[in-house]
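Text of upload_11.csv (CSV, C-alpha atoms) as supplied:
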chain,number,residue,atom,x,y,z
A,129,MET,CA,148.3,116.3,21.0
A,130,THR,CA,150.3,115.4,17.9
A,131,ALA,CA,149.8,117.6,14.9
A,132,THR,CA,149.0,116.1,11.5
A,133,LEU,CA,150.9,117.1,8.4
A,134,THR,CA,148.0,119.2,7.2
A,135,GLN,CA,147.9,121.0,10.5
A,136,THR,CA,151.6,121.6,10.4
A,137,ASN,CA,151.5,123.0,6.9
A,138,SER,CA,148.6,125.3,8.0
A,139,ALA,CA,150.6,126.4,11.0
A,140,ARG,CA,153.6,127.1,8.8
A,141,THR,CA,151.6,129.5,6.6
A,142,ALA,CA,150.1,131.1,9.7
A,143,VAL,CA,153.4,131.7,11.4
A,144,ALA,CA,154.8,133.2,8.2
A,145,LEU,CA,151.8,135.6,8.1
A,146,VAL,CA,152.4,136.6,11.7
A,147,PHE,CA,156.0,137.4,11.1
A,148,GLY,CA,155.1,139.5,8.0
A,149,LEU,CA,152.4,141.4,9.8
A,150,ASN,CA,154.7,142.1,12.7
A,151,GLY,CA,157.3,143.6,10.3
A,152,LEU,CA,154.5,145.5,8.5
A,153,SER,CA,153.3,147.3,11.6
A,154,LEU,CA,156.7,148.4,12.8
A,155,ALA,CA,157.8,149.6,9.3
A,156,SER,CA,154.5,151.5,8.9
A,157,TRP,CA,155.3,153.6,12.0
A,158,PHE,CA,159.0,154.2,11.0
A,159,ALA,CA,157.9,155.3,7.5
A,160,ARG,CA,155.7,158.0,9.1
A,161,VAL,CA,158.2,159.3,11.7
A,162,PRO,CA,158.8,162.5,9.7
A,163,ALA,CA,155.1,163.2,9.5
A,164,ALA,CA,154.7,162.6,13.2
A,165,ARG,CA,157.7,164.8,14.0
A,166,ASP,CA,156.2,167.7,12.0
A,167,ALA,CA,152.7,167.2,13.4
A,168,LEU,CA,154.1,167.3,17.0
A,169,GLY,CA,156.6,170.1,16.4
A,170,LEU,CA,159.5,168.1,17.8
A,171,THR,CA,163.2,168.9,17.6
A,172,ALA,CA,165.7,166.1,16.7
A,173,GLY,CA,166.6,165.7,20.4
A,174,GLU,CA,162.9,165.5,21.5
A,175,LEU,CA,162.2,163.0,18.7
A,176,GLY,CA,165.1,160.8,19.9
A,177,VAL,CA,163.7,160.8,23.4
A,178,LEU,CA,160.2,159.9,22.1
A,179,LEU,CA,161.6,157.0,20.1
A,180,LEU,CA,163.0,155.5,23.2
A,181,ALA,CA,159.5,154.6,24.2
A,182,ILE,CA,159.2,151.8,21.6
A,183,SER,CA,162.6,150.4,22.6
A,184,ALA,CA,161.7,150.5,26.3
A,185,GLY,CA,158.4,148.7,25.7
A,186,ALA,CA,160.2,146.0,23.6
A,187,VAL,CA,163.0,145.5,26.1
A,188,LEU,CA,160.7,145.3,29.1
A,189,SER,CA,158.5,142.7,27.4
A,190,LEU,CA,161.3,140.2,26.6
A,191,PRO,CA,162.1,138.9,30.2
A,192,THR,CA,158.4,138.0,30.8
A,193,ALA,CA,157.3,136.9,27.3
A,194,GLY,CA,158.8,133.4,27.6
A,195,ALA,CA,157.0,132.8,30.9
A,196,VAL,CA,153.7,134.0,29.4
A,197,ALA,CA,154.1,131.8,26.4
A,198,HIS,CA,155.1,128.8,28.6
A,199,ARG,CA,152.0,129.3,30.7
A,200,VAL,CA,149.3,130.1,28.2
A,201,GLY,CA,150.8,128.8,24.9
A,202,ALA,CA,152.3,130.6,21.9
A,203,ALA,CA,148.9,131.1,20.1
A,204,ARG,CA,147.3,133.0,23.0
A,205,THR,CA,150.5,135.0,23.7
A,206,VAL,CA,150.8,136.1,20.1
A,207,ALA,CA,147.1,137.0,19.8
A,208,GLY,CA,147.2,139.0,23.0
A,209,ALA,CA,150.4,140.7,22.0
A,210,ALA,CA,148.9,141.6,18.6
A,211,VAL,CA,146.0,143.3,20.3
A,212,VAL,CA,148.3,145.3,22.6
A,213,GLY,CA,150.5,146.3,19.6
A,214,ALA,CA,147.6,147.2,17.4
A,215,GLY,CA,146.1,149.3,20.1
A,216,GLY,CA,149.4,151.1,20.6
A,217,LEU,CA,149.8,151.8,16.9
A,218,ALA,CA,146.2,153.2,16.8
A,219,LEU,CA,147.1,155.4,19.8
A,220,VAL,CA,150.2,156.7,17.9
A,221,GLY,CA,148.0,157.5,14.9
A,222,LEU,CA,145.4,159.4,16.9
A,223,GLY,CA,148.0,161.1,19.2
A,224,ALA,CA,150.1,162.4,16.3
A,225,GLY,CA,147.5,162.9,13.6
A,226,VAL,CA,144.4,164.1,15.5
A,227,LEU,CA,145.2,165.3,19.0
A,228,GLN,CA,148.9,166.3,18.6
A,229,ASN,CA,149.6,164.9,22.1
A,230,VAL,CA,153.1,163.8,22.8
A,231,PRO,CA,152.4,161.8,26.0
A,232,LEU,CA,149.7,159.8,24.1
A,233,VAL,CA,152.1,159.0,21.3
A,234,ALA,CA,154.7,157.9,23.8
A,235,ALA,CA,152.2,155.6,25.5
A,236,GLY,CA,151.2,154.2,22.1
A,237,LEU,CA,154.8,153.6,21.1
A,238,PHE,CA,155.5,151.8,24.4
A,239,ALA,CA,152.5,149.6,23.8
A,240,LEU,CA,153.6,148.9,20.3
A,241,GLY,CA,157.1,148.0,21.5
A,242,TYR,CA,155.7,145.8,24.3
A,243,GLY,CA,153.3,144.0,22.0
A,244,SER,CA,156.0,143.5,19.3
A,245,GLY,CA,158.6,142.3,21.7
A,246,THR,CA,156.2,139.8,23.3
A,247,CYS,CA,155.1,138.6,19.9
A,248,GLU,CA,158.8,138.3,18.8
A,249,VAL,CA,159.5,135.6,21.5
A,250,ALA,CA,156.2,133.7,21.1
A,251,MET,CA,156.2,133.6,17.3
A,252,ASN,CA,159.8,132.3,17.3
A,253,VAL,CA,158.7,129.6,19.8
A,254,GLU,CA,155.9,128.6,17.5
A,255,ALA,CA,158.1,128.8,14.4
A,256,ALA,CA,160.6,126.4,16.1
A,257,ALA,CA,157.8,124.0,16.9
A,258,VAL,CA,156.7,124.0,13.3
A,259,GLU,CA,160.3,123.5,12.2
A,260,ARG,CA,160.6,120.4,14.4
A,261,ARG,CA,157.4,118.9,13.1
A,262,LEU,CA,158.5,119.3,9.5
A,263,GLY,CA,161.9,117.9,10.2
A,264,ARG,CA,163.8,120.4,8.1
A,265,THR,CA,165.1,124.0,8.5
A,266,ILE,CA,162.6,126.7,7.8
A,267,MET,CA,163.2,129.3,10.6
A,268,PRO,CA,165.2,131.6,8.3
A,269,ARG,CA,162.3,131.8,5.9
A,270,PHE,CA,160.0,133.0,8.7
A,271,HIS,CA,162.5,135.8,9.3
A,272,ALA,CA,162.6,136.5,5.6
A,273,ALA,CA,158.8,136.9,5.8
A,274,TRP,CA,159.4,139.6,8.5
A,275,SER,CA,161.9,141.3,6.2
A,276,LEU,CA,159.3,141.3,3.4
A,277,GLY,CA,156.7,142.7,5.8
A,278,THR,CA,159.0,145.6,6.6
A,279,VAL,CA,159.6,146.2,2.8
A,280,VAL,CA,155.9,146.3,2.2
A,281,GLY,CA,155.3,148.5,5.2
A,282,ALA,CA,158.0,151.0,4.2
A,283,GLY,CA,156.7,151.1,0.6
A,284,LEU,CA,153.1,151.6,1.7
A,285,GLY,CA,154.2,154.3,4.2
A,286,ALA,CA,156.1,156.1,1.5
A,287,ALA,CA,153.2,155.9,-0.9
A,288,ALA,CA,150.8,157.1,1.8
A,289,ALA,CA,153.0,160.1,2.6
A,290,ARG,CA,153.4,160.9,-1.1
A,291,VAL,CA,149.7,161.1,-1.8
A,292,GLY,CA,148.9,162.9,1.5
A,293,VAL,CA,147.1,160.1,3.4
A,294,PRO,CA,146.8,161.5,7.0
A,295,ILE,CA,149.0,159.7,9.5
A,296,ALA,CA,146.0,158.8,11.7
A,297,VAL,CA,144.1,157.1,8.8
A,298,HIS,CA,147.2,155.2,7.7
A,299,LEU,CA,148.2,153.9,11.1
A,300,LEU,CA,144.6,153.0,12.1
A,301,VAL,CA,144.1,150.9,9.0
A,302,VAL,CA,147.5,149.2,9.5
A,303,ALA,CA,146.6,148.6,13.2
A,304,ALA,CA,143.3,147.0,12.2
A,305,VAL,CA,144.9,144.8,9.6
A,306,MET,CA,147.8,143.7,11.8
A,307,GLY,CA,145.6,143.0,14.8
A,308,ALA,CA,142.8,141.2,13.1
A,309,GLY,CA,145.1,139.3,10.7
A,310,THR,CA,147.4,138.1,13.5
A,311,VAL,CA,144.6,137.0,15.8
A,312,ALA,CA,143.0,135.1,12.9
A,313,ALA,CA,146.3,133.4,12.0
A,314,THR,CA,146.9,132.1,15.5
A,315,ARG,CA,143.8,129.9,15.1
A,316,GLU,CA,145.9,127.8,12.7
A,317,PHE,CA,148.8,127.4,15.1
A,318,LEU,CA,149.8,123.9,16.2
A,319,PRO,CA,147.7,122.2,18.9
A,320,ALA,CA,148.8,123.1,22.4
A,321,ALA,CA,151.2,120.8,24.2
A,322,GLU,CA,149.9,118.2,26.6
A,323,PRO,CA,149.7,119.7,30.2
A,324,GLU,CA,152.2,117.2,31.6
A,325,ALA,CA,154.7,118.1,28.9
A,326,ALA,CA,154.3,121.8,29.3
A,327,GLY,CA,154.5,121.5,33.1
A,328,LYS,CA,158.1,120.1,32.9
A,329,GLY,CA,159.6,123.1,31.2
A,330,GLY,CA,162.2,125.1,33.1
A,331,GLY,CA,161.6,128.7,34.0
A,332,VAL,CA,163.4,131.8,32.7
A,333,LEU,CA,165.6,132.1,35.8
A,334,ALA,CA,166.8,128.5,35.2
A,335,ALA,CA,167.5,129.3,31.6
A,336,TRP,CA,169.8,132.2,32.6
A,337,ARG,CA,172.0,129.6,34.4
A,338,GLU,CA,172.4,127.4,31.4
A,339,PRO,CA,175.8,128.0,29.7
A,340,ARG,CA,174.6,126.8,26.3
A,341,THR,CA,171.7,129.2,26.3
A,342,VAL,CA,173.9,132.2,27.3
A,343,LEU,CA,176.4,131.3,24.7
A,344,ILE,CA,173.7,131.2,22.0
A,345,GLY,CA,172.5,134.6,23.3
A,346,LEU,CA,176.0,136.1,22.9
A,347,LEU,CA,176.2,134.8,19.4
A,348,VAL,CA,172.8,136.3,18.6
A,349,LEU,CA,174.0,139.5,20.2
A,350,VAL,CA,176.9,139.7,17.7
A,351,MET,CA,174.7,138.8,14.8
A,352,ALA,CA,172.0,141.4,15.8
A,353,PHE,CA,174.8,144.0,16.0
A,354,THR,CA,176.0,143.0,12.6
A,355,GLU,CA,172.6,143.4,11.1
A,356,GLY,CA,171.5,146.4,13.1
A,357,THR,CA,174.7,148.4,12.4
A,358,ALA,CA,174.0,148.1,8.7
A,359,ASN,CA,170.4,149.1,9.1
A,360,ASP,CA,171.2,152.2,11.1
A,361,TRP,CA,174.4,153.4,9.6
A,362,LEU,CA,175.1,152.0,6.1
A,363,ALA,CA,173.4,154.7,4.0
A,364,VAL,CA,175.0,157.5,6.1
A,365,ALA,CA,178.4,155.8,5.9
A,366,PHE,CA,178.3,155.6,2.2
A,367,VAL,CA,177.3,159.2,1.8
A,368,ASP,CA,179.9,160.5,4.2
A,369,GLY,CA,182.7,158.1,3.6
A,370,HIS,CA,182.4,157.1,-0.1
A,371,GLY,CA,181.1,160.5,-1.2
A,372,VAL,CA,178.1,159.2,-3.0
A,373,SER,CA,174.7,160.8,-3.4
A,374,GLN,CA,171.8,160.2,-0.9
A,375,ALA,CA,170.1,158.1,-3.5
A,376,ALA,CA,173.2,155.9,-3.8
A,377,GLY,CA,173.4,155.7,0.0
A,378,ALA,CA,169.8,154.5,0.1
A,379,LEU,CA,170.6,152.0,-2.7
A,380,SER,CA,173.4,150.5,-0.5
A,381,PHE,CA,170.9,149.9,2.3
A,382,GLY,CA,168.5,148.3,-0.3
A,383,VAL,CA,171.2,145.9,-1.5
A,384,PHE,CA,171.9,144.9,2.1
A,385,VAL,CA,168.2,144.2,2.9
A,386,ALA,CA,167.8,142.3,-0.4
A,387,ALA,CA,170.8,140.2,0.3
A,388,MET,CA,169.5,139.4,3.8
A,389,THR,CA,166.2,138.3,2.3
A,390,VAL,CA,167.9,136.1,-0.3
A,391,GLY,CA,170.1,134.5,2.3
A,392,ARG,CA,167.3,133.7,4.7
A,393,THR,CA,165.2,132.2,1.8
A,394,ALA,CA,167.9,130.1,0.3
A,395,GLY,CA,170.0,129.4,3.4
A,396,THR,CA,167.6,126.7,4.6
A,397,VAL,CA,168.9,124.3,2.0
A,398,ALA,CA,172.5,124.8,3.1
A,399,LEU,CA,171.6,124.4,6.7
A,400,ASP,CA,169.9,121.0,6.1
A,401,ARG,CA,172.8,119.8,4.0
A,402,TRP,CA,175.8,120.9,6.0
A,403,GLY,CA,174.4,121.7,9.4
A,404,ARG,CA,174.4,124.8,11.6
A,405,VAL,CA,178.1,124.9,12.7
A,406,ARG,CA,179.6,124.8,9.2
A,407,VAL,CA,177.1,127.1,7.6
A,408,LEU,CA,177.3,129.7,10.4
A,409,ALA,CA,181.1,129.6,10.3
A,410,ALA,CA,181.1,130.2,6.5
A,411,THR,CA,178.5,132.9,6.6
A,412,MET,CA,180.1,134.8,9.5
A,413,LEU,CA,183.4,134.8,7.6
A,414,LEU,CA,181.5,136.0,4.6
A,415,ALA,CA,179.9,138.8,6.6
A,416,SER,CA,183.3,139.8,8.0
A,417,ALA,CA,184.9,139.9,4.5
A,418,GLY,CA,181.9,141.8,3.1
A,419,ALA,CA,181.9,144.4,5.9
A,420,ALA,CA,185.6,145.0,5.5
A,421,THR,CA,185.3,145.3,1.8
A,422,ALA,CA,182.4,147.8,2.1
A,423,VAL,CA,184.6,150.0,4.3
A,424,LEU,CA,188.0,149.7,2.7
A,425,ALA,CA,187.2,149.4,-1.0
A,426,GLY,CA,188.2,152.4,-3.0
A,427,ALA,CA,185.7,151.9,-5.8
A,428,TRP,CA,182.0,152.4,-4.9
A,429,LEU,CA,180.8,149.4,-7.0
A,430,LEU,CA,183.3,147.1,-5.2
A,431,ALA,CA,182.1,148.5,-1.9
A,432,LEU,CA,178.5,147.7,-2.9
A,433,ALA,CA,179.5,144.2,-3.7
A,434,GLY,CA,180.9,144.0,-0.1
A,435,VAL,CA,177.5,145.1,1.2
A,436,ALA,CA,175.9,142.3,-0.7
A,437,LEU,CA,178.3,139.8,0.9
A,438,TRP,CA,177.7,141.4,4.3
A,439,GLY,CA,173.9,141.0,3.9
A,440,LEU,CA,174.2,137.3,2.8
A,441,GLY,CA,176.6,136.5,5.7
A,442,ALA,CA,174.5,138.2,8.3
A,443,SER,CA,171.2,136.6,7.2
A,444,LEU,CA,171.2,133.3,9.2
A,445,GLY,CA,172.8,134.0,12.6
A,446,PHE,CA,169.7,135.5,14.3
A,447,PRO,CA,167.1,132.9,13.1
A,448,VAL,CA,169.5,129.9,13.6
A,449,GLY,CA,170.1,131.2,17.1
A,450,MET,CA,166.4,131.2,17.8
A,451,SER,CA,166.1,127.7,16.5
A,452,ALA,CA,169.0,126.5,18.6
A,453,ALA,CA,167.5,128.0,21.7
A,454,ALA,CA,164.2,126.2,21.0
A,455,ASP,CA,165.7,122.7,20.4
A,456,ASP,CA,164.0,121.3,23.5
A,457,GLU,CA,160.3,122.1,23.2
A,458,ARG,CA,159.7,121.9,26.9
A,459,HIS,CA,162.2,124.6,27.6
A,460,ALA,CA,161.8,126.6,24.4
A,461,PRO,CA,159.8,129.6,25.7
A,462,ALA,CA,162.2,130.4,28.6
A,463,ARG,CA,165.3,129.9,26.5
A,464,VAL,CA,164.1,131.9,23.5
A,465,SER,CA,163.2,134.7,26.0
A,466,VAL,CA,166.7,134.7,27.4
A,467,VAL,CA,168.4,134.7,24.0
A,468,ALA,CA,166.1,137.5,22.8
A,469,VAL,CA,166.9,139.6,25.9
A,470,ILE,CA,170.7,139.2,25.3
A,471,GLY,CA,170.4,139.6,21.5
A,472,TYR,CA,168.2,142.7,21.6
A,473,THR,CA,170.8,144.5,23.7
A,474,ALA,CA,172.6,145.1,20.4
A,475,PHE,CA,169.8,147.1,19.1
A,476,LEU,CA,170.0,149.4,22.1
A,477,ALA,CA,173.8,149.6,22.5
A,478,GLY,CA,174.8,149.4,18.8
A,479,PRO,CA,173.7,152.8,17.5
A,480,PRO,CA,175.4,154.9,20.2
A,481,LEU,CA,178.6,152.8,20.0
A,482,VAL,CA,179.0,153.2,16.3
A,483,GLY,CA,178.1,156.9,16.7
A,484,LEU,CA,180.7,157.5,19.3
A,485,LEU,CA,183.3,155.8,17.2
A,486,GLY,CA,182.2,157.7,14.2
A,487,ASP,CA,182.8,161.0,16.0
A,488,HIS,CA,186.5,160.0,16.2
A,489,VAL,CA,187.2,158.1,13.0
A,490,GLY,CA,184.2,158.8,10.8
A,491,VAL,CA,181.1,156.7,10.4
A,492,LEU,CA,182.5,154.6,7.5
A,493,ARG,CA,185.6,153.5,9.4
A,494,ALA,CA,183.6,152.9,12.5
A,495,LEU,CA,181.8,150.1,10.7
A,496,LEU,CA,185.1,148.1,10.9
A,497,VAL,CA,183.9,147.2,14.4
A,498,VAL,CA,181.6,144.6,12.7
A,499,PRO,CA,184.4,142.3,11.5
A,500,ILE,CA,186.3,142.9,14.7
A,501,LEU,CA,183.4,141.5,16.7
A,502,LEU,CA,182.4,138.8,14.2
A,503,LEU,CA,185.7,137.0,14.0
A,504,PRO,CA,186.1,136.0,17.7
A,505,ALA,CA,182.4,135.3,17.9
A,506,ILE,CA,183.0,132.3,15.5
A,507,ALA,CA,184.1,130.5,18.7
A,508,LEU,CA,180.5,130.6,20.0
A,509,ILE,CA,179.1,128.7,17.0
A,510,PRO,CA,179.4,125.2,18.5
A,511,ALA,CA,176.8,126.1,21.1
A,512,THR,CA,174.2,126.0,18.4
A,513,ARG,CA,174.8,122.3,17.7
A,514,LYS,CA,171.7,120.2,18.4
A,515,PRO,CA,172.0,118.4,21.7
A,516,ALA,CA,172.2,114.6,21.5

Whole structure given in structure tokens:
Amino acid sequence: MTATLTQTNSARTAVALVFGLNGLSLASWFARVPAARDALGLTAGELGVLLLAISAGAVLSLPTAGAVAHRVGAARTVAGAAVVGAGGLALVGLGAGVLQNVPLVAAGLFALGYGSGTCEVAMNVEAAAVERRLGRTIMPRFHAAWSLGTVVGAGLGAAAARVGVPIAVHLLVVAAVMGAGTVAATREFLPAAEPEAAGKGGGVLAAWREPRTVLIGLLVLVMAFTEGTANDWLAVAFVDGHGVSQAAGALSFGVFVAAMTVGRTAGTVALDRWGRVRVLAATMLLASAGAATAVLAGAWLLALAGVALWGLGASLGFPVGMSAAADDERHAPARVSVVAVIGYTAFLAGPPLVGLLGDHVGVLRALLVVPILLLPAIALIPATRKPA
């Protein structure tokens, strides 16, 4: 079935809402981690082990998410994943805020990670389909909607903690909003592909044997590391390395997130005008220069300017990689799943790698690993070029 322009525009709005709600749910939990730690009486080490549950759920979901989306369609996959994720977030709220039960919280976090990871693949598949129908680049704006969702979730979480809203009440409300809102939004997704078209798509194992798909995955891996390193370590690096206050360290992270959002919103125009290869090469060079400036600049304001360049340069790699993986609609679910599996490795391996380097050279100097990885990764960019 071919979608009309009205259906495509409705699907565009629905996909943006799904991205935003996914970011909202995750940020809501992370904003209440201190409250959960106190309620459960966990040490820092015990909390670290507990937090692995959400990563484990996400990583385990990625290899199968593409196959599920290929078989039942993106809309049903996203709706089902939202129900699983919302149920997990509700369990976290009840386990931490009412029952003080660590195994229950771990189970809830696993379900939240599994639902979020499955949704990540399927919503990117749908976003790529909408992008193809519109005939212009909009994928980065969907990822900007995710970023905005995390900002809203973090803000609401901070406000809830400040006024004393119980963690159970807060997370149950967010779970209901995320679950119901996502399921409702999927009703506006594009019409399902014709059975004969869907049946010709290759499987996940076949996608793993495709050199282009693997190369795109490696590029996304580097860009995810570039983004994730800043998320995890930027504030700490500025406090320890540049000797600024904790508030100034938090400001550096805020500048990075804001620059990422601006880059993802405005970068679509550049991509349509100059193409993926030129724009990615320019932005990756920009990110390299920005990260190096953030580390090596003696003046704090100059380092902050480097952070802004780092955020702008890192903004497009991940969403463009997802678009490139989904260029062929028949193979999109499998290829997006493979790229997501490779890319998300950065979110697991990145924090301990930077931490180990930081033990030897300091956290700030350890951030130089970002430009060291970015520069050779520029050679991977041609893989994102649209096939003839």

Residues within 8 Å of A:Leu444, only C-alpha atoms, excluding chain neighbours under 5 positions, as a count of residues only
6

Pairwise distance for atom CA of A:Gly439 and atom CA of A:Leu379, rounded to one decimal in Å:
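Atom CA of A:Leu379 lies 13.2 Å from atom CA of A:Gly439.
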
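Note that atom CA of A:Arg493 and atom CA of A:Leu424 are 8.1 Å apart.
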
Counting only C-alpha atoms, closest pick from A:Asp360, A:Glu355, A:Glu248, A:Asp455 relative to A:Ala442 is A:Glu355

Between A:Ala363, A:Ala272, A:Ile500, A:Ala159, which is the closest to A:Ala288 once you count all atoms listed in the file?
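Distance minimum relative to A:Ala288 lands on A:Ala159.
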
Counting only C-alpha atoms, what is within 6 Å of A:Val348, bar same-chain residues fewer than 5 positions away, as a list in words?
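In the requested format, the answer is Phe446, Gly449 and Gly471 of chain A.
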
Write out the residues from the selection above, keeping C-alpha atoms, as a tab-separated table (two decimals), in the frame of the given file.
chain	number	residue	atom	x	y	z
A	446	PHE	CA	169.70	135.50	14.30
A	449	GLY	CA	170.10	131.20	17.10
A	471	GLY	CA	170.40	139.60	21.50

One decimal, Å: what's the distance from atom CA of A:Gly331 over to atom CA of A:Ile509, could you say?
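Computing the Euclidean distance for atom CA of A:Gly331 and atom CA of A:Ile509 yields 24.4 Å.
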
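Here the question is which of A:Val230, A:Ala163, A:Ala139, A:Leu430 gets nearest to A:Val293 using all atoms listed in the file, and that residue is A:Ala163.
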
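Minimum atom-to-atom distance to A:Arg290, evaluated using all atoms listed in the file, belongs to A:Arg160 out of A:Gly377, A:Val372, A:Leu333, A:Arg160.
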
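With only C-alpha atoms as the basis for measurement, A:Ala460 is the residue among A:Ala197, A:Ala214, A:Ala460, A:Val233 that approaches A:Arg260 most closely.
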
Find the residues near A:Val397: any atom within 12 Å, counting all atoms listed in the file, skip ones fewer than 6 places away on the same chain, and give them as a list in words.
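After dropping sequence-adjacent residues, the list is Arg264, Thr265, Ile266, Met267, Pro268, Arg269, Gly391, Gly403, Arg404, Val407 and Leu444 of chain A.
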
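When only C-alpha atoms are used to compute distances to A:Leu318, the closest of the residues A:Arg406, A:Arg340, A:Arg458, A:Arg261 turns out to be A:Arg261.
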
With a distance cut-off of 9 Å and only C-alpha atoms, select the neighbouring residues of A:Ala164, excluding the residue or stretch itself and same-chain residues fewer than 6 positions from it, and output the selection as an mmCIF file with C-alpha atoms, in the frame of the given file.
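selection-v5.cif written:
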data_model
loop_
_atom_site.group_PDB
_atom_site.id
_atom_site.type_symbol
_atom_site.label_atom_id
_atom_site.label_comp_id
_atom_site.auth_asym_id
_atom_site.auth_seq_id
_atom_site.Cartn_x
_atom_site.Cartn_y
_atom_site.Cartn_z
ATOM 1 C CA LEU A 170 159.500 168.100 17.800
ATOM 2 C CA VAL A 220 150.200 156.700 17.900
ATOM 3 C CA GLY A 221 148.000 157.500 14.900
ATOM 4 C CA ALA A 224 150.100 162.400 16.300
ATOM 5 C CA GLY A 225 147.500 162.900 13.600
ATOM 6 C CA GLN A 228 148.900 166.300 18.600
ATOM 7 C CA ILE A 295 149.000 159.700 9.500
#

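The point (162.6, 149.2, 26.9) has these residues within 10 Å of it when all atoms listed in the file are used: A:Leu180, A:Ala181, A:Ile182, A:Ser183, A:Ala184, A:Gly185, A:Ala186, A:Val187, A:Leu188, A:Ser189, A:Leu190, A:Phe238, A:Gly241, A:Tyr242, A:Gly245, A:Thr473, A:Leu476.
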
Env of A:Ala193: 12 Å cut, atoms = only C-alpha atoms, seq-sep filter 4 positions within chain, self excluded. Answer as number ranges by chain.
A: 185-189, 197-202, 204-206, 208-209, 242-253, 331-332, 460-469
